[in-house]
Amino acid sequence: MSVINVAILGFGTVGQGVCEAIETHQDRLKEALGKEVKVRAILIKDPTKKREINPSIKVTTEFKDILEIPDLHVIFEAIVGEEPCYTYLSEAIEKGIHIVTANKAMFAKYGPDLLEKALNHGVSVGFEATTAGGIPVIGTIRQLIKVNEIRSIQGILNGTSNFILSQMRKQGLSFEAALKQSQEKGYAEADPTSDIEGYDAFYKLLILSQTAFGRQPEWKDVRRKGITHLTAEWLQAAESFRLRFKHVGSLERDGFNRIKGEVKPILVHDTHPFYGVEDVENAVSLKGSLVGRVTLLGPGAGKRPTGSAMVEDFLSLIQGKYTDSPESTVHNEEIREGSSGQWVLRVRANEEYQSWITLFTLKDRIQLGSHLYVFVEGKKEDIEALLQSQEQIQAVSILDEIPLENEVKEGVAVY
Ligand code: NAP
Ligand code: HSE
């Protein structure tokens with residue numbers, strides 16, 4: 001039986017996940033490919049770390065050793081940051097080696113360039129694992145856009161922040177304790193700022209945009225907010241209204257082919273498909289012109305789900321299932337924008353709110369400590385005017401239930 005030779009760059013959470021997946025699912029891979037998959041080498045940075053690696057696999061700190069492996073077919077990349085990853089992968093492509101990457105910080109920036117290079121050198125690039133962990137969202141989009149136009153995408157795209165918000169709410173953990181747990185479980189990035197400040201979700205959103213629309217919004221125009229300002233009190237207040245905070249990335253393409261992107265925490269109703277997405281789970285909801293809404297849920301980070309995504313990707317790539325999508329267009333049709341929304345406002349308990357509450361429909365209110373939380377429905381313009389005139393008020397908008405046929409109503413979070 002002939003062999004497919006592969007190498008793995010990085011042997012942290014993800015690199016180990018890939019190695020284990022190949023080892024434990026060798027029989028299934030053989031059945032699907034008719035060939036044995038052999039890990040020939042692993043690239044690491046720190047040669048002093050103790051690791052459990054099969055002695056038949058070469059372990060090296062030099063990328064040139066990887067490129068010198070005879071008949072190397074595929075490189076799995078699971079290291080950190082833009083460089084040296086981009087340079088390594090460019091060199092691999094130029095040598096005719098297929099690549100499978102999990103590195104979203106690198107791929108959001110250099111993905112278009114790597115895909116073009118790959119096309120010129122007759123190889124493929126798998127990047128399923130860059131976005132939403134084990135959920136096959138890239139494959140789903142690639143399949144859908146063969147016929148559908150994708151209009152909008154919303155997603156809980158960062159497992160670490162979803163885990164932190166769930167643990168703070170359910171277990172009463174502090175932000176720091178929940179973050180520590182997510183690091184211990186291998187969910188967080190080497191620098192967790194990327195997770196908790198929304199950069200990681202931002203990179204994933206750009207990759208989704210590239211895949212669904214063939215291009216990205218201007219990076220500077222994508223508003224990004226993380227979860228670090230959310231307190232246990234906010235989470236508790238939301239729960240009393242049967243609402244939950246979720247960190248959501250959203251992309252919308254309008255009738256003039258403009259792409260609007262945003263990453264921020266938002267409140268969702270208990271009827272919303274994102275409400276029950278807990279701990280390290282992610283969710284992605286896509287709206288296609290023919291299919292309507294498709295919502296995918298699954299594990300968003302960790303060794304096994306990410307290893308699974310990379311090895312699935314590898315299989316599709318070897319079977320020649322990947323073709324790169326050109327920029328897709330959208331029919332020039334006006335999209336209805338709703339200006340009404342639901343909001344939770346926080347004011348000081350002794351604040352006079354009767355004067356402005358008449359602007360809105362009051363749905364509920366509770367007092368927690370020295371703060372009053374007011375759940376209202378009203379126009380975005382009224383909320384904005386109120387927030388400008390009343391410095392003491394904070395507001396968070398609510399993501400309306402995703403309708404099957406109509407556009408999602410606009411909701412802008414104001415803090
Ligand atoms: P990790 O646990 O920190 O492991 C990183 C690995 O990369 C380590 O083995 C490290 O080597 C190696 N490395 C770092 N810089 C290197 C360099 N310049 N040359 C050679 N090796 C280098 O990280 P991870 O969680 O596995 O994540 C890896 C990548 O996958 C990241 O880009 C991340 O964003 C992405 N990702 C992670 C997850 C997840 O659930 N963790 C999910 C999807 C995608 P040493 O062992 O010698 O230090
Ligand atoms: N740190 C990332 C997360 C890993 O928590 O979602 C998966 O991309």
# chains A, B, ... in the order shown; residues from 1 in each chain; ligands from 1
>>> residues_around(residues="range 353-363 of chain A", least_positions_apart="5", cutoff="12 Å", atoms="only C-alpha atoms", output="ChimeraX atom specification")
/A:241-242,340-348,372-387,389-390,392-393
>>> residues_near_ligand(ligand="ligand 2", cutoff="7 Å", atoms="only C-alpha atoms and all ligand atoms", output="mmCIF file with N, CA and C atoms, in the first residue's frame")
data_model
loop_
_atom_site.group_PDB
_atom_site.id
_atom_site.type_symbol
_atom_site.label_atom_id
_atom_site.label_comp_id
_atom_site.auth_asym_id
_atom_site.auth_seq_id
_atom_site.Cartn_x
_atom_site.Cartn_y
_atom_site.Cartn_z
ATOM 1 N N THR A 130 -9.482 26.918 11.177
ATOM 2 C CA THR A 130 -9.254 28.306 11.616
ATOM 3 C C THR A 130 -10.509 28.871 12.274
ATOM 4 N N THR A 131 -11.688 28.335 11.914
ATOM 5 C CA THR A 131 -12.937 28.998 12.301
ATOM 6 C C THR A 131 -13.937 28.030 12.924
ATOM 7 N N ALA A 132 -14.366 28.364 14.133
ATOM 8 C CA ALA A 132 -15.417 27.618 14.839
ATOM 9 C C ALA A 132 -15.036 26.165 15.139
ATOM 10 N N GLY A 133 -13.768 25.934 15.478
ATOM 11 C CA GLY A 133 -13.290 24.632 15.974
ATOM 12 C C GLY A 133 -13.726 23.449 15.131
ATOM 13 N N LEU A 157 -18.124 32.769 17.898
ATOM 14 C CA LEU A 157 -16.939 32.253 17.204
ATOM 15 C C LEU A 157 -15.752 32.021 18.127
ATOM 16 N N ASN A 158 -15.890 32.397 19.388
ATOM 17 C CA ASN A 158 -14.760 32.185 20.286
ATOM 18 C C ASN A 158 -15.171 31.321 21.473
ATOM 19 N N GLY A 159 -14.576 30.132 21.539
ATOM 20 C CA GLY A 159 -14.936 29.170 22.581
ATOM 21 C C GLY A 159 -14.558 29.671 23.965
ATOM 22 N N THR A 160 -13.399 30.321 24.063
ATOM 23 C CA THR A 160 -12.918 30.778 25.370
ATOM 24 C C THR A 160 -13.887 31.785 25.984
ATOM 25 N N SER A 161 -14.313 32.782 25.202
ATOM 26 C CA SER A 161 -15.193 33.793 25.811
ATOM 27 C C SER A 161 -16.566 33.204 26.107
ATOM 28 N N TYR A 187 -8.238 25.755 25.514
ATOM 29 C CA TYR A 187 -9.120 26.504 24.622
ATOM 30 C C TYR A 187 -8.521 27.861 24.231
ATOM 31 N N ALA A 188 -7.854 28.500 25.209
ATOM 32 C CA ALA A 188 -7.414 29.883 24.990
ATOM 33 C C ALA A 188 -6.174 29.946 24.104
ATOM 34 N N GLU A 189 -5.996 31.100 23.475
ATOM 35 C CA GLU A 189 -4.783 31.337 22.680
ATOM 36 C C GLU A 189 -3.592 31.501 23.618
ATOM 37 N N ASP A 195 -8.595 36.298 22.698
ATOM 38 C CA ASP A 195 -9.919 35.725 22.938
ATOM 39 C C ASP A 195 -10.843 36.733 23.619
ATOM 40 N N ASP A 200 -9.736 37.325 18.217
ATOM 41 C CA ASP A 200 -9.844 35.982 17.653
ATOM 42 C C ASP A 200 -11.151 35.852 16.841
ATOM 43 N N GLY A 300 -16.188 24.509 19.874
ATOM 44 C CA GLY A 300 -15.478 25.605 19.211
ATOM 45 C C GLY A 300 -13.977 25.612 19.410
ATOM 46 N N ALA A 301 -13.444 24.754 20.258
ATOM 47 C CA ALA A 301 -11.993 24.752 20.500
ATOM 48 C C ALA A 301 -11.621 23.439 21.178
ATOM 49 N N GLY A 302 -10.321 23.242 21.343
ATOM 50 C CA GLY A 302 -9.840 22.049 22.047
ATOM 51 C C GLY A 302 -9.154 21.072 21.102
#
>>> atom_distance(atom1="CA of Leu173 in chain A", atom2="CA of Glu233 in chain A")
12.2 Å
>>> residues_near_ligand(ligand="ligand 1", cutoff="6 Å", atoms="only C-alpha atoms and all ligand atoms", output="list in words")
Gly10, Phe11, Gly12, Thr13, Val14, Gly15, Leu43, Ile44, Lys45, Asp46, Ala78, Ile79, Val80, Gly81, Pro84, Ala102, Asn103, Lys104, Ala129, Thr130, Gly133, Gly186, Tyr187, Glu189, Ala190, Ala301, Gly302, Lys303 and Thr306 of chain A
>>> select_by_dssp(residues="range 144-353 of chain A", states="strand (DSSP E)", output="ChimeraX atom specification")
/A:150-156,223-224,243-253,259-269,281-288,292-299,340-348
>>> residues_around(residues="range 274-290 of chain A", least_positions_apart="5", cutoff="7 Å", atoms="only C-alpha atoms", output="MDAnalysis selection string")
chainID A and resid 132 148:160 162:163 166 244 268:269 295:301
>>> write_last_selection(atoms="N, CA and C atoms", output="compact mmCIF listing (two decimals), in the first residue's frame")
# COMPACT_ATOMS: atom_id res chain seq x y z
N ALA A 132 -14.37 28.36 14.13
CA ALA A 132 -15.42 27.62 14.84
C ALA A 132 -15.04 26.17 15.14
N ASN A 148 -26.29 29.04 -3.72
CA ASN A 148 -26.85 30.14 -2.93
C ASN A 148 -25.95 31.38 -2.93
N GLU A 149 -26.59 32.53 -2.75
CA GLU A 149 -25.87 33.74 -2.36
C GLU A 149 -25.98 33.80 -0.85
N ILE A 150 -24.86 33.98 -0.16
CA ILE A 150 -24.96 34.15 1.30
C ILE A 150 -25.23 35.64 1.57
N ARG A 151 -26.24 35.91 2.38
CA ARG A 151 -26.62 37.30 2.67
C ARG A 151 -26.05 37.77 4.01
N SER A 152 -26.12 36.88 5.00
CA SER A 152 -25.64 37.31 6.32
C SER A 152 -25.12 36.11 7.11
N ILE A 153 -24.23 36.39 8.02
CA ILE A 153 -23.65 35.35 8.88
C ILE A 153 -23.59 35.92 10.30
N GLN A 154 -24.01 35.11 11.27
CA GLN A 154 -23.83 35.50 12.67
C GLN A 154 -23.22 34.31 13.38
N GLY A 155 -22.35 34.57 14.33
CA GLY A 155 -21.77 33.41 15.00
C GLY A 155 -21.18 33.71 16.36
N ILE A 156 -21.28 32.71 17.22
CA ILE A 156 -20.48 32.71 18.45
C ILE A 156 -19.20 32.02 18.02
N LEU A 157 -18.12 32.77 17.90
CA LEU A 157 -16.94 32.25 17.20
C LEU A 157 -15.75 32.02 18.13
N ASN A 158 -15.89 32.40 19.39
CA ASN A 158 -14.76 32.18 20.29
C ASN A 158 -15.17 31.32 21.47
N GLY A 159 -14.58 30.13 21.54
CA GLY A 159 -14.94 29.17 22.58
C GLY A 159 -14.56 29.67 23.96
N THR A 160 -13.40 30.32 24.06
CA THR A 160 -12.92 30.78 25.37
C THR A 160 -13.89 31.78 25.98
N ASN A 162 -17.04 32.29 25.27
CA ASN A 162 -18.33 31.66 25.58
C ASN A 162 -18.22 30.83 26.86
N PHE A 163 -17.08 30.15 27.01
CA PHE A 163 -16.83 29.35 28.21
C PHE A 163 -16.81 30.27 29.44
N SER A 166 -20.30 31.53 30.33
CA SER A 166 -21.13 30.45 30.88
C SER A 166 -20.72 30.13 32.31
N ARG A 244 -29.50 36.08 27.72
CA ARG A 244 -28.11 35.72 28.03
C ARG A 244 -27.15 36.51 27.14
N VAL A 268 -29.26 37.67 23.98
CA VAL A 268 -30.19 36.87 23.16
C VAL A 268 -31.33 36.35 24.04
N HIS A 269 -32.49 36.26 23.42
CA HIS A 269 -33.68 35.74 24.11
C HIS A 269 -33.56 34.23 24.35
N THR A 295 -28.28 26.86 10.72
CA THR A 295 -27.52 27.12 11.96
C THR A 295 -26.76 25.87 12.36
N LEU A 296 -25.46 26.03 12.57
CA LEU A 296 -24.60 24.90 12.96
C LEU A 296 -24.08 25.13 14.38
N LEU A 297 -24.10 24.10 15.18
CA LEU A 297 -23.61 24.20 16.56
C LEU A 297 -22.57 23.11 16.80
N GLY A 298 -21.61 23.37 17.65
CA GLY A 298 -20.64 22.32 17.97
C GLY A 298 -19.49 22.85 18.79
N PRO A 299 -18.51 21.98 19.09
CA PRO A 299 -17.39 22.40 19.93
C PRO A 299 -16.49 23.40 19.19
N GLY A 300 -16.19 24.51 19.87
CA GLY A 300 -15.48 25.60 19.21
C GLY A 300 -13.98 25.61 19.41
N ALA A 301 -13.44 24.75 20.26
CA ALA A 301 -11.99 24.75 20.50
C ALA A 301 -11.62 23.44 21.18
